[in-house]
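Right, one structure below, let's go through it.
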Amino acid sequence: MIHRDAFVNKIRSLGYTYKDQLKRTYLYRKTGGTHCIYVKMCDLLDEEFIRNSLRQAGMSNPDIEQFISQYSVSRSN
């Protein structure tokens with residue numbers, strides 16, 4: 001699991017900006033483009049969602065895995 005704030009900071013560094021708040025998600029859109037990422041409002045995001053979103057945003061697999069290993073946290077109940 002990855003904190004939403006860390007993921008949002010990463011996609012902002014990739015050129016995405018906040019556009020809108022929907023019912024259960026935030027909408028981030030690529031500056032100067034049409035690609036968008038819907039980010040759930042929950043505090044922790046699934047690693048598979050992170051992998052898929054960052055891959056679509058143009059990051060390489062080694063960079064994605066490094067990001068996940070750096071910001072991964074365990075879910076505590």
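Starting from 1 in every chain, residues are counted up; chains themselves are A, B, ... following the order of the structure tokens, and ligands are numbered from 1 as listed.
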
Exercise. Per DSSP on the backbone, what are the strand (DSSP E) residues of chain A, as a list in words?
Worked result: Ile2, His3, Tyr16, Thr17, Tyr18, Lys19, Asp20, Gln21, Thr25, Tyr26, Leu27, Tyr28, Arg29, Lys30, Cys36, Ile37, Tyr38, Val39, Lys40, Leu44 and Leu45 of chain A

Exercise. In terms of the shortest atom-to-atom distance over only C-alpha atoms, which of A:Arg55, A:Leu45, A:Thr17, A:Tyr38 is closest to Tyr71 in chain A?
Worked result: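 Distance minimum relative to Tyr71 in chain A lands on A:Leu45.
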
For this session: Enter the distance from CA of Ile68 in chain A to CA of Met1 in chain A, in Å, rounded to one decimal.
Result: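 Between CA of Ile68 in chain A and CA of Met1 in chain A the gap works out to 8.5 Å.
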
Problem set entry | Test item: residues at most 7 Å from Arg29 in chain A, only C-alpha atoms, excluding those fewer than 5 positions along its chain, as number ranges by chain | A: 16-19, 34-37

For the residues selected in the previous step, produce a file with C-alpha atoms as an mmCIF file, in the first residue's frame.
data_model
loop_
_atom_site.group_PDB
_atom_site.id
_atom_site.type_symbol
_atom_site.label_atom_id
_atom_site.label_comp_id
_atom_site.auth_asym_id
_atom_site.auth_seq_id
_atom_site.Cartn_x
_atom_site.Cartn_y
_atom_site.Cartn_z
ATOM 1 C CA TYR A 16 -0.329 16.082 -13.993
ATOM 2 C CA THR A 17 -2.468 18.734 -12.318
ATOM 3 C CA TYR A 18 -5.609 18.573 -10.192
ATOM 4 C CA LYS A 19 -8.735 19.239 -12.248
ATOM 5 C CA THR A 34 -5.858 14.624 -22.565
ATOM 6 C CA HIS A 35 -4.623 11.711 -20.417
ATOM 7 C CA CYS A 36 -6.147 11.646 -16.959
ATOM 8 C CA ILE A 37 -5.738 9.640 -13.762
#

Exercise. Could you work out how far CA of Arg75 in chain A lies from CA of His3 in chain A, giving the answer in Å with one decimal?
Worked result: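 Computing it gives 10.3 Å between the two atoms.
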
Exercise. In Å, with one decimal, what is the gap from CA of Thr31 in chain A to CA of Phe7 in chain A?
Worked result: 16.9 Å

Exercise. Which residue, A:Leu27, A:Arg4, A:Gly32, A:Asp20, has the smallest gap to Phe49 in chain A when you use only C-alpha atoms?
Worked result: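 Of the candidates, the smallest distance to Phe49 in chain A is held by A:Arg4.
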